[in-house]
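Shown below: upload-v2.cif, with mmCIF, N, CA and C atoms.
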```
data_query
loop_
_atom_site.label_atom_id
_atom_site.label_comp_id
_atom_site.auth_asym_id
_atom_site.auth_seq_id
_atom_site.Cartn_x
_atom_site.Cartn_y
_atom_site.Cartn_z
N MET A 103 17.71 176.56 125.84
CA MET A 103 18.81 176.70 124.92
C MET A 103 19.05 175.36 124.23
N SER A 104 19.23 175.42 122.97
CA SER A 104 19.38 174.21 122.17
C SER A 104 20.86 174.00 121.83
N ASN A 105 21.30 172.79 121.99
CA ASN A 105 22.69 172.43 121.67
C ASN A 105 22.66 171.59 120.40
N GLU A 106 23.22 172.13 119.34
CA GLU A 106 23.19 171.42 118.07
C GLU A 106 24.60 171.01 117.66
N ASN A 107 24.73 169.79 117.24
CA ASN A 107 25.99 169.29 116.68
C ASN A 107 25.74 168.94 115.23
N ARG A 108 26.45 169.59 114.37
CA ARG A 108 26.29 169.29 112.95
C ARG A 108 27.59 168.72 112.41
N MET A 109 27.42 167.73 111.60
CA MET A 109 28.60 167.11 111.00
C MET A 109 28.33 166.93 109.52
N THR A 110 29.24 167.41 108.72
CA THR A 110 29.11 167.26 107.29
C THR A 110 30.39 166.59 106.77
N GLU A 111 30.21 165.60 105.97
CA GLU A 111 31.35 164.88 105.41
C GLU A 111 31.21 164.87 103.90
N THR A 112 32.28 165.24 103.23
CA THR A 112 32.28 165.24 101.77
C THR A 112 33.41 164.36 101.28
N ARG A 113 33.08 163.46 100.40
CA ARG A 113 34.09 162.57 99.82
C ARG A 113 34.10 162.75 98.32
N SER A 114 35.28 162.89 97.79
CA SER A 114 35.43 163.00 96.33
C SER A 114 36.27 161.83 95.84
N VAL A 115 35.80 161.20 94.84
CA VAL A 115 36.51 160.08 94.24
C VAL A 115 36.75 160.43 92.78
N GLN A 116 38.00 160.25 92.33
CA GLN A 116 38.30 160.52 90.94
C GLN A 116 38.64 159.20 90.25
N ARG A 117 38.07 159.02 89.10
CA ARG A 117 38.32 157.81 88.31
C ARG A 117 38.99 158.21 87.02
N GLU A 118 40.08 157.53 86.71
CA GLU A 118 40.78 157.79 85.46
C GLU A 118 40.52 156.62 84.51
N PRO A 119 39.85 156.86 83.41
CA PRO A 119 39.65 155.78 82.45
C PRO A 119 40.99 155.37 81.85
N GLU A 120 41.17 154.08 81.62
CA GLU A 120 42.36 153.53 80.96
C GLU A 120 43.63 153.70 81.79
N ARG A 121 43.50 153.93 83.09
CA ARG A 121 44.67 154.14 83.96
C ARG A 121 45.57 152.90 83.99
N GLU A 122 44.96 151.73 84.04
CA GLU A 122 45.74 150.49 84.11
C GLU A 122 46.60 150.29 82.87
N LYS A 123 46.07 150.66 81.70
CA LYS A 123 46.85 150.52 80.46
C LYS A 123 48.03 151.49 80.46
N ARG A 124 47.83 152.68 81.00
CA ARG A 124 48.94 153.63 81.05
C ARG A 124 50.02 153.13 82.01
N ILE A 125 49.61 152.55 83.13
CA ILE A 125 50.58 152.01 84.08
C ILE A 125 51.33 150.84 83.45
N PHE A 126 50.61 149.95 82.75
CA PHE A 126 51.26 148.83 82.07
C PHE A 126 52.27 149.33 81.04
N THR A 127 51.88 150.33 80.26
CA THR A 127 52.77 150.88 79.24
C THR A 127 54.03 151.44 79.88
N PHE A 128 53.87 152.18 80.94
CA PHE A 128 55.00 152.76 81.63
C PHE A 128 55.94 151.68 82.17
N LYS A 129 55.38 150.66 82.81
CA LYS A 129 56.21 149.59 83.38
C LYS A 129 56.88 148.76 82.29
N ALA A 130 56.19 148.52 81.20
CA ALA A 130 56.78 147.75 80.09
C ALA A 130 57.96 148.49 79.50
N THR A 131 57.83 149.79 79.32
CA THR A 131 58.95 150.56 78.76
C THR A 131 60.11 150.63 79.75
N GLN A 132 59.81 150.68 81.04
CA GLN A 132 60.87 150.65 82.04
C GLN A 132 61.64 149.32 81.97
N LEU A 133 60.90 148.22 81.77
CA LEU A 133 61.53 146.91 81.66
C LEU A 133 62.42 146.83 80.43
N VAL A 134 61.96 147.37 79.32
CA VAL A 134 62.76 147.39 78.09
C VAL A 134 64.06 148.14 78.33
N TRP A 135 63.98 149.32 78.91
CA TRP A 135 65.18 150.12 79.16
C TRP A 135 66.10 149.44 80.16
N LEU A 136 65.54 148.75 81.15
CA LEU A 136 66.37 148.04 82.12
C LEU A 136 67.15 146.92 81.45
N LEU A 137 66.46 146.09 80.66
CA LEU A 137 67.13 144.96 80.02
C LEU A 137 68.18 145.42 79.01
N PHE A 138 67.81 146.37 78.16
CA PHE A 138 68.79 146.87 77.20
C PHE A 138 69.91 147.65 77.89
N GLY A 139 69.61 148.30 78.99
CA GLY A 139 70.64 149.01 79.75
C GLY A 139 71.67 148.06 80.33
N ILE A 140 71.20 146.93 80.84
CA ILE A 140 72.13 145.91 81.36
C ILE A 140 72.99 145.36 80.23
N LEU A 141 72.37 145.07 79.10
CA LEU A 141 73.13 144.57 77.94
C LEU A 141 74.17 145.60 77.49
N GLU A 142 73.77 146.85 77.40
CA GLU A 142 74.69 147.91 76.98
C GLU A 142 75.85 148.05 77.98
N ALA A 143 75.55 147.96 79.26
CA ALA A 143 76.60 148.07 80.28
C ALA A 143 77.60 146.92 80.16
N LEU A 144 77.09 145.73 79.91
CA LEU A 144 77.99 144.57 79.76
C LEU A 144 78.85 144.69 78.51
N ILE A 145 78.28 145.16 77.42
CA ILE A 145 79.07 145.34 76.20
C ILE A 145 80.12 146.44 76.41
N ALA A 146 79.75 147.51 77.08
CA ALA A 146 80.71 148.58 77.37
C ALA A 146 81.82 148.08 78.28
N LEU A 147 81.47 147.26 79.25
CA LEU A 147 82.48 146.68 80.14
C LEU A 147 83.41 145.75 79.36
N ARG A 148 82.86 144.99 78.44
CA ARG A 148 83.68 144.13 77.57
C ARG A 148 84.66 144.98 76.77
N PHE A 149 84.16 146.09 76.20
CA PHE A 149 85.00 146.99 75.42
C PHE A 149 86.18 147.48 76.26
N VAL A 150 85.90 147.90 77.49
CA VAL A 150 86.96 148.40 78.38
C VAL A 150 87.92 147.28 78.77
N LEU A 151 87.40 146.10 79.08
CA LEU A 151 88.27 144.98 79.45
C LEU A 151 89.21 144.60 78.31
N LYS A 152 88.68 144.58 77.10
CA LYS A 152 89.53 144.29 75.94
C LYS A 152 90.56 145.40 75.73
N LEU A 153 90.17 146.63 75.96
CA LEU A 153 91.04 147.77 75.75
C LEU A 153 92.20 147.79 76.74
N ILE A 154 91.96 147.35 77.97
CA ILE A 154 93.03 147.34 78.98
C ILE A 154 93.73 145.99 79.06
N ALA A 155 93.44 145.11 78.11
CA ALA A 155 94.08 143.79 78.03
C ALA A 155 93.87 142.98 79.31
N ALA A 156 92.63 142.92 79.76
CA ALA A 156 92.29 142.13 80.94
C ALA A 156 92.53 140.64 80.65
N ASN A 157 92.87 139.92 81.68
CA ASN A 157 93.13 138.49 81.54
C ASN A 157 91.83 137.76 81.18
N PRO A 158 91.76 137.15 79.99
CA PRO A 158 90.52 136.47 79.58
C PRO A 158 90.24 135.20 80.39
N ASP A 159 91.24 134.72 81.15
CA ASP A 159 91.02 133.53 81.98
C ASP A 159 90.43 133.88 83.35
N SER A 160 90.34 135.17 83.65
CA SER A 160 89.71 135.60 84.89
C SER A 160 88.23 135.23 84.82
N PRO A 161 87.68 134.72 85.93
CA PRO A 161 86.27 134.29 85.90
C PRO A 161 85.29 135.40 85.49
N ILE A 162 85.49 136.61 85.98
CA ILE A 162 84.55 137.68 85.65
C ILE A 162 84.68 138.07 84.18
N ALA A 163 85.92 138.15 83.70
CA ALA A 163 86.13 138.49 82.29
C ALA A 163 85.56 137.39 81.39
N ALA A 164 85.78 136.14 81.77
CA ALA A 164 85.26 135.02 80.97
C ALA A 164 83.73 135.05 80.95
N LEU A 165 83.11 135.39 82.08
CA LEU A 165 81.65 135.48 82.14
C LEU A 165 81.13 136.59 81.23
N ILE A 166 81.76 137.75 81.31
CA ILE A 166 81.33 138.89 80.48
C ILE A 166 81.55 138.59 79.00
N TYR A 167 82.72 138.04 78.67
CA TYR A 167 83.00 137.71 77.27
C TYR A 167 82.02 136.65 76.75
N GLY A 168 81.76 135.64 77.56
CA GLY A 168 80.85 134.56 77.14
C GLY A 168 79.43 135.06 76.91
N PHE A 169 78.94 135.90 77.81
CA PHE A 169 77.58 136.40 77.68
C PHE A 169 77.44 137.36 76.50
N THR A 170 78.39 138.26 76.35
CA THR A 170 78.29 139.27 75.30
C THR A 170 78.63 138.72 73.92
N ASP A 171 79.34 137.60 73.85
CA ASP A 171 79.65 137.00 72.54
C ASP A 171 78.38 136.73 71.74
N LEU A 172 77.35 136.27 72.42
CA LEU A 172 76.08 135.96 71.75
C LEU A 172 75.50 137.21 71.09
N PHE A 173 75.57 138.35 71.78
CA PHE A 173 74.97 139.58 71.27
C PHE A 173 75.87 140.32 70.27
N LEU A 174 77.16 139.99 70.28
CA LEU A 174 78.09 140.62 69.35
C LEU A 174 78.31 139.77 68.10
N LEU A 175 77.73 138.59 68.05
CA LEU A 175 77.88 137.69 66.90
C LEU A 175 77.47 138.35 65.59
N PRO A 176 76.35 139.10 65.53
CA PRO A 176 75.98 139.73 64.25
C PRO A 176 76.99 140.80 63.78
N PHE A 177 77.80 141.29 64.69
CA PHE A 177 78.73 142.36 64.35
C PHE A 177 80.16 141.85 64.16
N LYS A 178 80.36 140.55 64.32
CA LYS A 178 81.70 139.97 64.21
C LYS A 178 82.22 140.13 62.78
N GLY A 179 83.43 140.67 62.66
CA GLY A 179 84.06 140.85 61.36
C GLY A 179 83.55 142.06 60.59
N LEU A 180 82.74 142.88 61.19
CA LEU A 180 82.21 144.06 60.52
C LEU A 180 83.31 145.08 60.22
N THR A 181 84.20 145.25 61.19
CA THR A 181 85.32 146.18 61.01
C THR A 181 86.61 145.50 61.44
N ALA A 182 87.70 146.11 61.09
CA ALA A 182 89.00 145.61 61.55
C ALA A 182 89.09 145.83 63.06
N THR A 183 89.82 144.97 63.73
CA THR A 183 89.99 145.07 65.18
C THR A 183 91.47 145.31 65.47
N PRO A 184 91.88 146.58 65.61
CA PRO A 184 93.28 146.87 65.89
C PRO A 184 93.70 146.33 67.26
N ALA A 185 94.91 145.79 67.33
CA ALA A 185 95.43 145.25 68.58
C ALA A 185 96.90 145.61 68.70
N ALA A 186 97.32 145.85 69.93
CA ALA A 186 98.73 146.14 70.20
C ALA A 186 99.05 145.71 71.63
N GLY A 187 100.00 144.81 71.77
CA GLY A 187 100.46 144.39 73.09
C GLY A 187 99.36 143.79 73.96
N GLY A 188 98.46 143.05 73.38
CA GLY A 188 97.37 142.43 74.13
C GLY A 188 96.14 143.32 74.26
N MET A 189 96.30 144.62 73.99
CA MET A 189 95.15 145.53 74.04
C MET A 189 94.41 145.47 72.71
N VAL A 190 93.10 145.39 72.77
CA VAL A 190 92.28 145.26 71.57
C VAL A 190 91.26 146.40 71.54
N LEU A 191 91.20 147.07 70.39
CA LEU A 191 90.19 148.10 70.19
C LEU A 191 89.07 147.47 69.37
N GLU A 192 88.04 147.03 70.08
CA GLU A 192 86.93 146.32 69.44
C GLU A 192 85.90 147.32 68.94
N LEU A 193 86.06 147.78 67.72
CA LEU A 193 85.14 148.76 67.15
C LEU A 193 83.74 148.18 66.94
N SER A 194 83.68 146.88 66.70
CA SER A 194 82.37 146.25 66.52
C SER A 194 81.52 146.35 67.79
N SER A 195 82.17 146.38 68.95
CA SER A 195 81.42 146.56 70.21
C SER A 195 80.80 147.96 70.28
N LEU A 196 81.52 148.96 69.83
CA LEU A 196 80.98 150.32 69.83
C LEU A 196 79.80 150.43 68.87
N ILE A 197 79.91 149.79 67.71
CA ILE A 197 78.80 149.80 66.75
C ILE A 197 77.60 149.08 67.35
N ALA A 198 77.85 147.96 68.03
CA ALA A 198 76.77 147.20 68.68
C ALA A 198 76.07 148.05 69.74
N LEU A 199 76.83 148.85 70.49
CA LEU A 199 76.22 149.72 71.49
C LEU A 199 75.22 150.67 70.85
N VAL A 200 75.61 151.26 69.74
CA VAL A 200 74.72 152.20 69.04
C VAL A 200 73.49 151.47 68.50
N ILE A 201 73.71 150.33 67.86
CA ILE A 201 72.60 149.57 67.27
C ILE A 201 71.61 149.10 68.35
N TYR A 202 72.13 148.56 69.46
CA TYR A 202 71.23 148.09 70.52
C TYR A 202 70.49 149.25 71.19
N ALA A 203 71.11 150.42 71.28
CA ALA A 203 70.40 151.58 71.82
C ALA A 203 69.25 151.98 70.89
N LEU A 204 69.48 151.92 69.59
CA LEU A 204 68.42 152.23 68.62
C LEU A 204 67.30 151.19 68.67
N ILE A 205 67.67 149.92 68.84
CA ILE A 205 66.66 148.86 68.96
C ILE A 205 65.82 149.08 70.22
N ALA A 206 66.47 149.41 71.33
CA ALA A 206 65.73 149.66 72.58
C ALA A 206 64.76 150.82 72.41
N TRP A 207 65.23 151.88 71.76
CA TRP A 207 64.36 153.04 71.54
C TRP A 207 63.17 152.65 70.66
N ALA A 208 63.42 151.85 69.61
CA ALA A 208 62.34 151.45 68.70
C ALA A 208 61.32 150.56 69.41
N VAL A 209 61.78 149.62 70.24
CA VAL A 209 60.86 148.75 70.98
C VAL A 209 60.04 149.58 71.97
N GLU A 210 60.69 150.52 72.63
CA GLU A 210 59.98 151.38 73.58
C GLU A 210 58.91 152.20 72.88
N ARG A 211 59.21 152.78 71.74
CA ARG A 211 58.23 153.55 70.97
C ARG A 211 57.09 152.66 70.49
N LEU A 212 57.41 151.45 70.06
CA LEU A 212 56.39 150.51 69.60
C LEU A 212 55.42 150.17 70.72
N ILE A 213 55.93 149.96 71.92
CA ILE A 213 55.06 149.69 73.07
C ILE A 213 54.13 150.88 73.32
N TRP A 214 54.66 152.10 73.24
CA TRP A 214 53.82 153.28 73.44
C TRP A 214 52.74 153.39 72.37
N VAL A 215 53.11 153.11 71.13
CA VAL A 215 52.14 153.23 70.04
C VAL A 215 51.02 152.20 70.20
N ILE A 216 51.37 150.99 70.59
CA ILE A 216 50.37 149.92 70.67
C ILE A 216 49.50 150.04 71.93
N PHE A 217 50.11 150.29 73.08
CA PHE A 217 49.39 150.18 74.35
C PHE A 217 48.96 151.49 74.99
N TYR A 218 49.59 152.59 74.67
CA TYR A 218 49.29 153.83 75.39
C TYR A 218 47.94 154.39 74.99
N ARG A 219 47.20 154.81 75.97
CA ARG A 219 45.94 155.50 75.75
C ARG A 219 46.04 156.83 76.48
N PRO A 220 45.81 157.93 75.79
CA PRO A 220 45.91 159.23 76.45
C PRO A 220 44.91 159.36 77.58
N GLN A 221 45.27 160.16 78.54
CA GLN A 221 44.39 160.34 79.69
C GLN A 221 43.15 161.11 79.25
N GLY A 222 42.02 160.51 79.50
CA GLY A 222 40.76 161.16 79.17
C GLY A 222 40.32 162.06 80.30
N ALA A 223 39.11 162.52 80.20
CA ALA A 223 38.56 163.38 81.24
C ALA A 223 38.44 162.58 82.53
N VAL A 224 38.81 163.20 83.61
CA VAL A 224 38.73 162.55 84.91
C VAL A 224 37.30 162.68 85.41
N GLU A 225 36.74 161.53 85.77
CA GLU A 225 35.39 161.53 86.30
C GLU A 225 35.47 161.77 87.80
N GLN A 226 34.69 162.67 88.30
CA GLN A 226 34.72 162.96 89.72
C GLN A 226 33.34 162.70 90.30
N VAL A 227 33.29 161.89 91.34
CA VAL A 227 32.05 161.58 92.02
C VAL A 227 32.15 162.17 93.42
N THR A 228 31.16 162.97 93.79
CA THR A 228 31.18 163.61 95.11
C THR A 228 29.97 163.13 95.90
N GLN A 229 30.24 162.71 97.12
CA GLN A 229 29.19 162.28 98.03
C GLN A 229 29.21 163.22 99.23
N THR A 230 28.06 163.68 99.64
CA THR A 230 27.98 164.54 100.82
C THR A 230 27.03 163.87 101.80
N THR A 231 27.52 163.71 103.00
CA THR A 231 26.72 163.12 104.06
C THR A 231 26.60 164.15 105.16
N SER A 232 25.40 164.31 105.66
CA SER A 232 25.17 165.31 106.70
C SER A 232 24.42 164.64 107.84
N SER A 233 24.81 164.98 109.04
CA SER A 233 24.10 164.42 110.18
C SER A 233 23.94 165.52 111.22
N GLU A 234 22.74 165.62 111.78
CA GLU A 234 22.46 166.64 112.80
C GLU A 234 21.98 165.94 114.05
N GLN A 235 22.41 166.50 115.15
CA GLN A 235 22.00 165.93 116.43
C GLN A 235 21.47 167.07 117.29
N HIS A 236 20.25 166.93 117.77
CA HIS A 236 19.64 167.96 118.61
C HIS A 236 19.48 167.37 120.01
N THR A 237 19.71 168.18 121.00
CA THR A 237 19.47 167.75 122.37
C THR A 237 18.48 168.71 123.02
N ASP A 238 17.69 168.14 123.85
CA ASP A 238 16.69 168.92 124.57
C ASP A 238 17.38 169.54 125.79
N PRO A 239 17.22 170.85 125.98
CA PRO A 239 17.91 171.50 127.10
C PRO A 239 17.40 171.05 128.46
N GLN A 240 16.23 170.45 128.54
CA GLN A 240 15.70 170.04 129.84
C GLN A 240 16.21 168.67 130.24
N GLN A 241 16.79 167.95 129.30
CA GLN A 241 17.35 166.65 129.65
C GLN A 241 18.83 166.81 129.98
N PRO A 242 19.28 166.15 130.98
CA PRO A 242 20.69 166.26 131.33
C PRO A 242 21.56 165.61 130.24
N PRO A 243 22.73 166.18 129.99
CA PRO A 243 23.61 165.59 128.98
C PRO A 243 24.10 164.22 129.42
N LYS A 244 24.30 163.36 128.46
CA LYS A 244 24.75 161.99 128.78
C LYS A 244 26.23 161.90 128.83
#
```
As structure tokens - that is how I would like this structure written.
Amino acid sequence: MSNENRMTETRSVQREPEREKRIFTFKATQLVWLLFGILEALIALRFVLKLIAANPDSPIAALIYGFTDLFLLPFKGLTATPAAGGMVLELSSLIALVIYALIAWAVERLIWVIFYRPQGAVEQVTQTTSSEQHTDPQQPPK
């Protein structure tokens, strides 16, 4: 009686051409949205702080006002800024939010146009390895 052990191993490897460029494009657009998202959040926080008449001498308010002043400079004096009892309705901040969102969208689209490569056909390589082991029935098993 013959004792046969057969072993077959199949490995499939898939290669995606231009995969690294697609990953770079995805990560670059994520970075753009993160940075513009932080800027938008700070401008929105400034808008709320001005609206509730937050103390401008508070360290956090001073930090937010100081940082966002640089980004709101192009919009300064664009519209009237109604104020009542220390509360300020900064309409230029709302306009800046819209403009910066459009800029973020445009930069993100530009990155996709320049760097994105559509996924091509996936190359698949298959390797099959086979091994057989025969034992003689008259020899004792090891």
With the cut-off set at 9 Å and counting only C-alpha atoms, tabulate each residue of segment 136-155 of chain A with an atom at most that distance from an atom of segment 177-199 of chain A, showing the nearest atom pair and its distance in Å to one decimal, ordered by chain and increasing number, as CSV.
```
residue,atom,partner,partner_atom,distance
A:Leu141,CA,A:Leu199,CA,8.8
A:Glu142,CA,A:Leu199,CA,6.0
A:Ala143,CA,A:Leu199,CA,9.0
A:Ile145,CA,A:Ser195,CA,6.5
A:Ala146,CA,A:Ser195,CA,7.5
A:Arg148,CA,A:Ser195,CA,8.1
A:Phe149,CA,A:Glu192,CA,6.3
A:Val150,CA,A:Leu191,CA,8.8
A:Leu151,CA,A:Met189,CA,8.8
A:Lys152,CA,A:Val190,CA,5.3
A:Leu153,CA,A:Met189,CA,5.0
A:Ile154,CA,A:Met189,CA,5.7
A:Ala155,CA,A:Met189,CA,4.5
```
Report task. Kindly give the distance, in Å, that separates atom CA of Ala206 of chain A and atom CA of Leu144 of chain A, rounded to a single decimal. Result -> 15.1 Å
Requested in this report: Grab the atom CA of Val209 of chain A to atom CA of Leu133 of chain A distance for me, in Å with one decimal place.
Outcome: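 Distance between the two atoms: 10.9 Å.
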Requested in this report: Report as a ChimeraX atom specification: the residues of segment 114-218 of chain A with a DSSP assignment of helix (DSSP H, G or I), based on the backbone of this structure.
Outcome: /A:121-153,161-177,193-217
Query raised in the report: Nearest to Ala130 of chain A: which of A:Tyr167, A:Trp214, A:Trp207, A:Phe173 is it, counting only C-alpha atoms?
Result: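 Answer, going by the shortest atom-to-atom distance: A:Trp214.
If you count only C-alpha atoms and ignore residues fewer than 4 places along the chain from Ile216 of chain A, what sits within 10 Å of it is Thr127, Arg211 and Leu212 of chain A.
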Query raised in the report: Between A:Ala208, A:Ile213, A:Ile125, A:Leu165, which one has atoms that come closest to Leu147 of chain A, using only C-alpha atoms?
Result: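 Using only C-alpha atoms, the shortest distance to Leu147 of chain A belongs to A:Leu165.
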Report task. Between atom CA of Ala164 of chain A and atom CA of Ala203 of chain A, measure the distance and give it in Å to one decimal. Result ->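 Answer for the atom CA of Ala164 of chain A to atom CA of Ala203 of chain A separation: 24.1 Å.
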Query raised in the report: With all atoms listed in the file as the basis for distance, which of A:Arg124, A:Ile140, A:Ala156, A:Glu111 is at the shortest distance from Phe217 of chain A?
Result: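 Closest to Phe217 of chain A of all the choices is A:Arg124.
For segment 132-198 of chain A, backbone-based DSSP assignment of strand (DSSP E or B) covers Ala185, Ala186, Met189 and Val190 of chain A.
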Could you add N, CA, C and O atoms to segment 136-149 of chain A and give me the result as a JSON list (two decimals), keeping the file's coordinate frame?
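Result went into rebuild10.json, see below:
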```json
[["chain", "number", "residue", "atom", "x", "y", "z"],
["A", 136, "LEU", "N", 65.54, 148.75, 81.15],
["A", 136, "LEU", "CA", 66.37, 148.04, 82.12],
["A", 136, "LEU", "C", 67.15, 146.92, 81.45],
["A", 136, "LEU", "O", 68.37, 146.81, 81.61],
["A", 137, "LEU", "N", 66.46, 146.09, 80.66],
["A", 137, "LEU", "CA", 67.13, 144.96, 80.02],
["A", 137, "LEU", "C", 68.18, 145.42, 79.01],
["A", 137, "LEU", "O", 69.32, 144.91, 79.00],
["A", 138, "PHE", "N", 67.81, 146.37, 78.16],
["A", 138, "PHE", "CA", 68.79, 146.87, 77.20],
["A", 138, "PHE", "C", 69.91, 147.65, 77.89],
["A", 138, "PHE", "O", 71.05, 147.64, 77.43],
["A", 139, "GLY", "N", 69.61, 148.30, 78.99],
["A", 139, "GLY", "CA", 70.64, 149.01, 79.75],
["A", 139, "GLY", "C", 71.67, 148.06, 80.33],
["A", 139, "GLY", "O", 72.88, 148.34, 80.30],
["A", 140, "ILE", "N", 71.20, 146.93, 80.84],
["A", 140, "ILE", "CA", 72.13, 145.91, 81.36],
["A", 140, "ILE", "C", 72.99, 145.36, 80.23],
["A", 140, "ILE", "O", 74.21, 145.22, 80.38],
["A", 141, "LEU", "N", 72.37, 145.07, 79.10],
["A", 141, "LEU", "CA", 73.13, 144.57, 77.94],
["A", 141, "LEU", "C", 74.17, 145.60, 77.49],
["A", 141, "LEU", "O", 75.34, 145.25, 77.25],
["A", 142, "GLU", "N", 73.77, 146.85, 77.40],
["A", 142, "GLU", "CA", 74.69, 147.91, 76.98],
["A", 142, "GLU", "C", 75.85, 148.05, 77.98],
["A", 142, "GLU", "O", 77.00, 148.23, 77.58],
["A", 143, "ALA", "N", 75.55, 147.96, 79.26],
["A", 143, "ALA", "CA", 76.60, 148.07, 80.28],
["A", 143, "ALA", "C", 77.60, 146.92, 80.16],
["A", 143, "ALA", "O", 78.81, 147.13, 80.28],
["A", 144, "LEU", "N", 77.09, 145.73, 79.91],
["A", 144, "LEU", "CA", 77.99, 144.57, 79.76],
["A", 144, "LEU", "C", 78.85, 144.69, 78.51],
["A", 144, "LEU", "O", 80.05, 144.36, 78.54],
["A", 145, "ILE", "N", 78.28, 145.16, 77.42],
["A", 145, "ILE", "CA", 79.07, 145.34, 76.20],
["A", 145, "ILE", "C", 80.12, 146.44, 76.41],
["A", 145, "ILE", "O", 81.27, 146.30, 75.99],
["A", 146, "ALA", "N", 79.75, 147.51, 77.08],
["A", 146, "ALA", "CA", 80.71, 148.58, 77.37],
["A", 146, "ALA", "C", 81.82, 148.08, 78.28],
["A", 146, "ALA", "O", 83.01, 148.41, 78.08],
["A", 147, "LEU", "N", 81.47, 147.26, 79.25],
["A", 147, "LEU", "CA", 82.48, 146.68, 80.14],
["A", 147, "LEU", "C", 83.41, 145.75, 79.36],
["A", 147, "LEU", "O", 84.63, 145.76, 79.58],
["A", 148, "ARG", "N", 82.86, 144.99, 78.44],
["A", 148, "ARG", "CA", 83.68, 144.13, 77.57],
["A", 148, "ARG", "C", 84.66, 144.98, 76.77],
["A", 148, "ARG", "O", 85.84, 144.64, 76.65],
["A", 149, "PHE", "N", 84.16, 146.09, 76.20],
["A", 149, "PHE", "CA", 85.00, 146.99, 75.42],
["A", 149, "PHE", "C", 86.18, 147.48, 76.26],
["A", 149, "PHE", "O", 87.34, 147.46, 75.81]]
```
